[in-house]
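Have a look at the structure below before the remarks.
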Amino acid sequence: MSGAEEGDLVARVEGAAGIIRLNRPKAINAVTLEMFRDIDKALDRFEADPAIAVILLEGAGERGLCAGGDIRALWESSKVNGDLGKILWREEYILNARIKKFPKPYVAFMDGIVMGGGVGLSAHASHRIVTDRTKLAMPEVGLGFFPDVGGTYLLSHSPGEIGTYFGLTGQTMNGPDAIHAKFADWVVPAVRLPELRETLTKLRSGATAADVSKLIDGFASGETAGPVAAREPVIDALFGFDRMEDVFAALTRDGSEFALATLKTLNEKSPRGMVVTLKLLRLARQSSSLEECLVREYRAALEVFRSDDFREGVRAAVIDKDRNPTWSPPRIEDVTPDMLAPYLAEIGADELKFN
């Protein structure tokens with residue numbers, strides 16, 4: 001689905017559809033600042049064109065829609081005190097909010113790997129399609145970060161403590177669990193995506209969101225809950241706390257195979273990242289809009305960008321790939337309220353604003 005002559009972002013009209021294709025298959029379509037800008041320009045064009053009935057987001061190649069943002073570029077900028085984080089996240093988060101409010105049906109093919117920034121481009125869409133190959137995750141806490149791109153909004157709207165579990169552990173959702181967690185709307189078998197895609201391009205101009213939904217219904221498998229959904233009562237009991245120390249204590253007390261495996265996963269994450277994430281998730285529960293959560297995420301992201309944990313997490317996972325980060329501080333109980341405060345502070349002239 002890609003051509004060497006095309007750029008990193010392909011935006012074109014096919015019939016009644018405005019196609020947006022992430023086109024870096026070797027990098028599992030990791031998104032750069034320029035790609036975010038090109039998506040925004042494409043949405044301008046597609047919104048203004050009355051002949052376009054629907055937007056379709058897809059990823060080139062066989063591996064997935066999008067593995068996230070271009071983390072390596074952010075790491076390099078962070079190391080030299082650069083401003084890529086400030087610029088990229090501002091534009092990305094404003095784009096996330098635009099997608100949520102886009103006036104035409106916006107269909108996201110969330111096939112294969114969908115992580116981080118890829119979630120931001122797809123899970124705020126009006127029509128979100130996962131497949132039998134979907135592997136969706138918000139693994140940011142393992143990078144000394146937190147689930148951003150509106151992740152705190154999405155996770156806080158998952159049923160029970162399912163979102164808390166996925167946000168803190170970074171575990172992967174399959175297609176049906178993504179629907180249960182309210183990150184997606186339909187499971188469509190991957191082999192049927194080309195046929196669905198072709199049908200979408202043949203919509204009449206002026207087709208409504210309901211028309212698109214009815215069309216997708218004809219391709220969907222009807223699955224709505226996967227393996228994690230079956231554990232929801234246990235997850236609710238273990239993650240229904242506002243302090244990470246209490247989550248760890250509950251997991252330790254429980255002692256089941258699931259609890260111990262979860263404990264092992266959490267022990268690999270950034271203590272500071274977990275504390276920040278849990279706090280942002282609890283604040284998001286009280287928020288009325290995606291924008292409100294994005295403003296809060298932007299404040300926290302700028303603080304993360306300055307932190308040793310972010311640089312160390314990316315080094316261990318992406319640069320050196322030794323999977324052995326040295327977190328600062330090393331333990332949950334060492335994360336003080338004073339350390340947490342800057343992530344939640346208003347930032348004056350740098351506050352995120354929406355058009």
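Residues in the structure tokens are numbered from 1 in each chain, the chains being A, B, ... in the order shown, and ligands are numbered from 1 in the order shown.
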**Request:** Would you please give, as a PyMOL selection string, all residues of stretch 4-128 of chain A that DSSP assigns to strand (DSSP E) based on the backbone?
**Result:** chain A and resi 9-14+17-22+54-59+64-66+106-110+113-115+127-128
**Asked** Hey, what's within 12 Å of A:Asp49 if we count only C-alpha atoms and toss same-chain stuff fewer than 5 positions away? As a list in words, please?
**Response**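 That gives Val13, Ala16, Ala17, Gly18, Ala42, Leu43, Asp44, Val54, Ile55, Lys104, Ser205 and Gly206 of chain A.
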Can you list, as an mmCIF file with N, CA, C and O atoms, in the first residue's frame, every protein, DNA or RNA residue that comes within 8 Å of stretch 239-245 of chain A when you count only C-alpha atoms, leaving out same-chain residues fewer than 4 positions away?
data_model
loop_
_atom_site.group_PDB
_atom_site.id
_atom_site.type_symbol
_atom_site.label_atom_id
_atom_site.label_comp_id
_atom_site.auth_asym_id
_atom_site.auth_seq_id
_atom_site.Cartn_x
_atom_site.Cartn_y
_atom_site.Cartn_z
ATOM 1 N N GLU A 161 -11.740 -0.177 36.405
ATOM 2 C CA GLU A 161 -10.317 0.183 36.480
ATOM 3 C C GLU A 161 -9.516 -0.383 35.299
ATOM 4 O O GLU A 161 -8.286 -0.431 35.345
ATOM 5 N N THR A 164 -7.072 2.140 34.113
ATOM 6 C CA THR A 164 -5.960 2.293 35.058
ATOM 7 C C THR A 164 -4.950 1.172 34.836
ATOM 8 O O THR A 164 -3.732 1.403 34.796
ATOM 9 N N TYR A 165 -5.468 -0.035 34.664
ATOM 10 C CA TYR A 165 -4.608 -1.215 34.427
ATOM 11 C C TYR A 165 -3.798 -1.038 33.138
ATOM 12 O O TYR A 165 -2.568 -1.181 33.139
ATOM 13 N N ILE A 235 -9.322 -6.854 38.389
ATOM 14 C CA ILE A 235 -8.608 -5.601 38.090
ATOM 15 C C ILE A 235 -9.215 -4.438 38.870
ATOM 16 O O ILE A 235 -8.491 -3.607 39.424
ATOM 17 N N ALA A 249 0.451 -2.656 47.170
ATOM 18 C CA ALA A 249 0.084 -3.434 48.362
ATOM 19 C C ALA A 249 -1.030 -4.430 48.035
ATOM 20 O O ALA A 249 -0.990 -5.598 48.471
ATOM 21 N N ALA A 250 -2.012 -3.997 47.253
ATOM 22 C CA ALA A 250 -3.126 -4.873 46.882
ATOM 23 C C ALA A 250 -2.643 -6.047 46.024
ATOM 24 O O ALA A 250 -3.064 -7.199 46.221
ATOM 25 N N MET A 274 4.675 6.276 36.876
ATOM 26 C CA MET A 274 3.451 5.652 37.388
ATOM 27 C C MET A 274 2.664 6.594 38.283
ATOM 28 O O MET A 274 1.436 6.687 38.180
ATOM 29 N N VAL A 275 3.364 7.307 39.161
ATOM 30 C CA VAL A 275 2.688 8.244 40.073
ATOM 31 C C VAL A 275 2.019 9.364 39.276
ATOM 32 O O VAL A 275 0.855 9.724 39.527
ATOM 33 N N LEU A 278 -1.090 7.851 37.340
ATOM 34 C CA LEU A 278 -2.260 7.593 38.180
ATOM 35 C C LEU A 278 -2.950 8.905 38.565
ATOM 36 O O LEU A 278 -4.179 9.012 38.524
ATOM 37 N N LYS A 279 -2.163 9.904 38.891
ATOM 38 C CA LYS A 279 -2.732 11.212 39.248
ATOM 39 C C LYS A 279 -3.494 11.818 38.065
ATOM 40 O O LYS A 279 -4.628 12.319 38.219
ATOM 41 N N ARG A 282 -6.808 10.006 37.464
ATOM 42 C CA ARG A 282 -7.852 10.364 38.442
ATOM 43 C C ARG A 282 -8.398 11.777 38.170
ATOM 44 O O ARG A 282 -9.602 12.010 38.275
ATOM 45 N N ILE A 332 8.764 3.657 44.244
ATOM 46 C CA ILE A 332 7.494 4.393 44.337
ATOM 47 C C ILE A 332 7.464 5.293 45.570
ATOM 48 O O ILE A 332 7.085 6.466 45.497
ATOM 49 N N GLU A 333 7.874 4.735 46.712
ATOM 50 C CA GLU A 333 7.761 5.489 47.968
ATOM 51 C C GLU A 333 8.699 6.691 48.027
ATOM 52 O O GLU A 333 8.567 7.546 48.903
#
**Prompt:** Which residue gives the smallest distance to A:Leu84 among A:Arg128, A:Arg133, A:Arg299, A:Arg306, with only C-alpha atoms counted?
**Reply:** A:Arg306
**Request:** Report the residues of stretch 68-127 of chain A whose backbone DSSP state falls under alpha helix (DSSP H), written as a VMD selection string.
**Result:** chain A and resid 71 to 79 84 to 100 117 to 122
Filtering to N, CA and C atoms, could you give me those residues as a short mmCIF file (atom, residue, chain, number, x, y, z; two decimals), in the first residue's frame?
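Dumped everything to selection-v2.cif:
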data_model
loop_
_atom_site.label_atom_id
_atom_site.label_comp_id
_atom_site.auth_asym_id
_atom_site.auth_seq_id
_atom_site.Cartn_x
_atom_site.Cartn_y
_atom_site.Cartn_z
N ILE A 71 10.10 8.90 18.68
CA ILE A 71 10.68 9.03 20.03
C ILE A 71 12.17 9.40 19.97
N ARG A 72 12.86 8.85 19.00
CA ARG A 72 14.31 9.10 18.91
C ARG A 72 14.60 10.60 18.71
N ALA A 73 13.80 11.24 17.86
CA ALA A 73 13.99 12.68 17.62
C ALA A 73 13.71 13.47 18.90
N LEU A 74 12.69 13.07 19.65
CA LEU A 74 12.38 13.76 20.91
C LEU A 74 13.52 13.56 21.92
N TRP A 75 14.05 12.37 21.96
CA TRP A 75 15.16 12.06 22.88
C TRP A 75 16.38 12.93 22.56
N GLU A 76 16.70 13.03 21.28
CA GLU A 76 17.87 13.83 20.89
C GLU A 76 17.68 15.30 21.24
N SER A 77 16.45 15.80 21.06
CA SER A 77 16.17 17.20 21.40
C SER A 77 16.22 17.41 22.91
N SER A 78 15.68 16.46 23.65
CA SER A 78 15.68 16.56 25.12
C SER A 78 17.10 16.60 25.66
N LYS A 79 17.99 15.82 25.06
CA LYS A 79 19.39 15.76 25.53
C LYS A 79 20.10 17.10 25.43
N LEU A 84 11.84 20.62 20.65
CA LEU A 84 10.99 19.79 19.80
C LEU A 84 9.76 19.30 20.56
N GLY A 85 9.93 18.93 21.84
CA GLY A 85 8.80 18.46 22.63
C GLY A 85 7.71 19.51 22.69
N LYS A 86 8.10 20.72 23.01
CA LYS A 86 7.15 21.84 23.14
C LYS A 86 6.38 22.06 21.84
N ILE A 87 7.09 22.01 20.71
CA ILE A 87 6.47 22.28 19.41
C ILE A 87 5.63 21.08 18.96
N LEU A 88 6.24 19.88 19.00
CA LEU A 88 5.57 18.69 18.47
C LEU A 88 4.31 18.37 19.26
N TRP A 89 4.42 18.33 20.60
CA TRP A 89 3.25 17.96 21.39
C TRP A 89 2.14 18.99 21.27
N ARG A 90 2.50 20.26 21.19
CA ARG A 90 1.46 21.29 21.02
C ARG A 90 0.66 21.02 19.74
N GLU A 91 1.35 20.83 18.64
CA GLU A 91 0.66 20.63 17.36
C GLU A 91 -0.08 19.29 17.33
N GLU A 92 0.54 18.28 17.92
CA GLU A 92 -0.08 16.94 17.94
C GLU A 92 -1.37 16.96 18.76
N TYR A 93 -1.33 17.56 19.95
CA TYR A 93 -2.50 17.55 20.82
C TYR A 93 -3.65 18.37 20.23
N ILE A 94 -3.31 19.49 19.58
CA ILE A 94 -4.35 20.29 18.92
C ILE A 94 -4.99 19.48 17.78
N LEU A 95 -4.16 18.69 17.09
CA LEU A 95 -4.68 17.81 16.04
C LEU A 95 -5.57 16.71 16.63
N ASN A 96 -5.17 16.14 17.76
CA ASN A 96 -6.00 15.12 18.42
C ASN A 96 -7.39 15.67 18.71
N ALA A 97 -7.43 16.91 19.25
CA ALA A 97 -8.72 17.53 19.57
C ALA A 97 -9.52 17.81 18.29
N ARG A 98 -8.83 18.17 17.22
CA ARG A 98 -9.52 18.44 15.95
C ARG A 98 -10.19 17.16 15.42
N ILE A 99 -9.47 16.05 15.51
CA ILE A 99 -10.01 14.77 15.04
C ILE A 99 -11.29 14.42 15.79
N LYS A 100 -11.27 14.63 17.10
CA LYS A 100 -12.45 14.32 17.93
C LYS A 100 -13.67 15.11 17.48
N GLY A 117 1.26 7.79 19.83
CA GLY A 117 0.77 8.79 18.89
C GLY A 117 -0.20 8.22 17.86
N GLY A 118 -0.07 6.94 17.55
CA GLY A 118 -1.02 6.29 16.64
C GLY A 118 -2.41 6.20 17.24
N VAL A 119 -2.46 6.01 18.56
CA VAL A 119 -3.74 6.01 19.27
C VAL A 119 -4.37 7.40 19.18
N GLY A 120 -3.54 8.44 19.31
CA GLY A 120 -4.05 9.81 19.23
C GLY A 120 -4.68 10.15 17.90
N LEU A 121 -4.17 9.54 16.82
CA LEU A 121 -4.70 9.80 15.48
C LEU A 121 -5.93 8.97 15.16
N SER A 122 -6.16 7.90 15.94
CA SER A 122 -7.22 6.95 15.59
C SER A 122 -8.32 6.82 16.64
#
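Each of A:Ser156, A:Thr208, A:Asn81, A:Ser126 was compared to A:Ala284 using only C-alpha atoms, and A:Ser156 turns out to be the nearest.
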**Prompt:** Expressed in Å to a single decimal, how great is the separation between atom CA of A:Ile20 and atom CA of A:Leu302?
**Reply:**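 Separating atom CA of A:Ile20 from atom CA of A:Leu302 is a distance of 28.6 Å.
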**Message:** Rounded to one decimal, what separation in Å do you get between atom CA of A:Thr201 and atom CA of A:Met35?
**Reply:**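 Atom CA of A:Met35 lies at a distance of 23.0 Å from atom CA of A:Thr201.
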**Asked** Which value, in Å to one decimal, gives the distance between atom CA of A:Ile216 and atom CA of A:Leu154?
**Response** 22.3 Å
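Between A:Ala137 and the candidates A:Gly170, A:Gly150, A:Pro337, A:Gly226, the tightest atom-to-atom separation, counting only C-alpha atoms, involves A:Gly170.
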Can you list every residue of stretch 93-118 of chain A that has an atom at most 12 Å from stretch 191-196 of chain A, with its nearest atom pair and the distance in Å to one decimal, using only C-alpha atoms, ordered by chain then number, as JSON lines?
{"residue": "A:Val107", "atom": "CA", "partner": "A:Leu196", "partner_atom": "CA", "distance": 10.9}
{"residue": "A:Ala108", "atom": "CA", "partner": "A:Leu193", "partner_atom": "CA", "distance": 11.1}
{"residue": "A:Phe109", "atom": "CA", "partner": "A:Leu193", "partner_atom": "CA", "distance": 8.0}
{"residue": "A:Met110", "atom": "CA", "partner": "A:Leu193", "partner_atom": "CA", "distance": 10.4}
{"residue": "A:Asp111", "atom": "CA", "partner": "A:Leu193", "partner_atom": "CA", "distance": 9.0}
**Message:** When you count only C-alpha atoms, which of these residues is closest to A:Leu263: A:Asp320, A:Ala67, A:Ile347, A:Thr169?
**Reply:**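 Of the candidates, the smallest distance to A:Leu263 is held by A:Thr169.
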**Prompt:** From the list A:Pro271, A:Gly160, A:Gly15, A:Gly82, which residue is nearest A:Phe305 when using only C-alpha atoms?
**Reply:**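 Ranking A:Pro271, A:Gly160, A:Gly15, A:Gly82 by distance to A:Phe305, first place goes to A:Gly82.
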**Request:** Name all residues at most 7 Å from A:Ala181 (count only C-alpha atoms; drop same-chain ones fewer than 4 positions away) and give them as an MDAnalysis selection string.
**Result:** chainID A and resid 158:159 162:163 177
**Nearby residues (only C-alpha atoms) at most 6 Å from A:Arg21, same-chain spacing under 5 positions excluded, as a ChimeraX atom specification** = /A:9-10,57-59
**Request:** Determine, counting only C-alpha atoms, which protein, DNA and RNA residues have an atom within 8 Å of an atom of A:Ala178; residues of the same chain fewer than 5 positions away are not included. Present the result as an NGL selection string.
**Result:** :A and (130 or 136 or 173 or 183-184 or 225)
Atoms to include: all heavy atoms. Write the selected residues as a PDB file, in the first residue's frame.
ATOM      1  N   VAL A 130     -10.999  -1.955  14.670  1.00  0.00           N
ATOM      2  CA  VAL A 130      -9.879  -2.838  15.001  1.00  0.00           C
ATOM      3  C   VAL A 130     -10.075  -4.163  14.270  1.00  0.00           C
ATOM      4  O   VAL A 130     -11.140  -4.413  13.702  1.00  0.00           O
ATOM      5  CB  VAL A 130      -9.765  -3.059  16.529  1.00  0.00           C
ATOM      6  CG1 VAL A 130      -9.186  -1.830  17.221  1.00  0.00           C
ATOM      7  CG2 VAL A 130     -11.113  -3.410  17.149  1.00  0.00           C
ATOM      8  N   LEU A 136      -2.987  -2.987  20.442  1.00  0.00           N
ATOM      9  CA  LEU A 136      -3.079  -1.578  20.828  1.00  0.00           C
ATOM     10  C   LEU A 136      -2.519  -1.393  22.231  1.00  0.00           C
ATOM     11  O   LEU A 136      -2.842  -2.161  23.134  1.00  0.00           O
ATOM     12  CB  LEU A 136      -4.545  -1.139  20.772  1.00  0.00           C
ATOM     13  CG  LEU A 136      -4.844   0.355  20.939  1.00  0.00           C
ATOM     14  CD1 LEU A 136      -6.139   0.713  20.205  1.00  0.00           C
ATOM     15  CD2 LEU A 136      -4.955   0.775  22.395  1.00  0.00           C
ATOM     16  N   MET A 173      -3.787  -4.419  24.248  1.00  0.00           N
ATOM     17  CA  MET A 173      -5.182  -4.825  24.038  1.00  0.00           C
ATOM     18  C   MET A 173      -5.291  -5.503  22.671  1.00  0.00           C
ATOM     19  O   MET A 173      -4.719  -5.017  21.696  1.00  0.00           O
ATOM     20  CB  MET A 173      -6.109  -3.607  23.982  1.00  0.00           C
ATOM     21  CG  MET A 173      -6.014  -2.634  25.111  1.00  0.00           C
ATOM     22  SD  MET A 173      -7.139  -1.214  24.800  1.00  0.00           S
ATOM     23  CE  MET A 173      -6.406  -0.011  25.922  1.00  0.00           C
ATOM     24  N   PHE A 183     -11.784   2.131  23.296  1.00  0.00           N
ATOM     25  CA  PHE A 183     -10.790   2.692  22.378  1.00  0.00           C
ATOM     26  C   PHE A 183     -11.198   2.438  20.924  1.00  0.00           C
ATOM     27  O   PHE A 183     -10.561   2.945  20.011  1.00  0.00           O
ATOM     28  CB  PHE A 183      -9.417   2.068  22.621  1.00  0.00           C
ATOM     29  CG  PHE A 183      -8.619   2.750  23.697  1.00  0.00           C
ATOM     30  CD1 PHE A 183      -9.021   2.704  25.028  1.00  0.00           C
ATOM     31  CD2 PHE A 183      -7.456   3.448  23.397  1.00  0.00           C
ATOM     32  CE1 PHE A 183      -8.289   3.331  26.027  1.00  0.00           C
ATOM     33  CE2 PHE A 183      -6.722   4.085  24.389  1.00  0.00           C
ATOM     34  CZ  PHE A 183      -7.139   4.027  25.706  1.00  0.00           C
ATOM     35  N   ALA A 184     -12.217   1.618  20.709  1.00  0.00           N
ATOM     36  CA  ALA A 184     -12.624   1.254  19.352  1.00  0.00           C
ATOM     37  C   ALA A 184     -14.109   0.896  19.355  1.00  0.00           C
ATOM     38  O   ALA A 184     -14.726   0.777  20.415  1.00  0.00           O
ATOM     39  CB  ALA A 184     -11.783   0.081  18.844  1.00  0.00           C
ATOM     40  N   ALA A 225     -15.565  -8.052  23.671  1.00  0.00           N
ATOM     41  CA  ALA A 225     -14.776  -8.198  24.903  1.00  0.00           C
ATOM     42  C   ALA A 225     -13.757  -9.313  24.738  1.00  0.00           C
ATOM     43  O   ALA A 225     -14.081 -10.393  24.238  1.00  0.00           O
ATOM     44  CB  ALA A 225     -15.678  -8.492  26.092  1.00  0.00           C
TER      45      ALA A 225
END
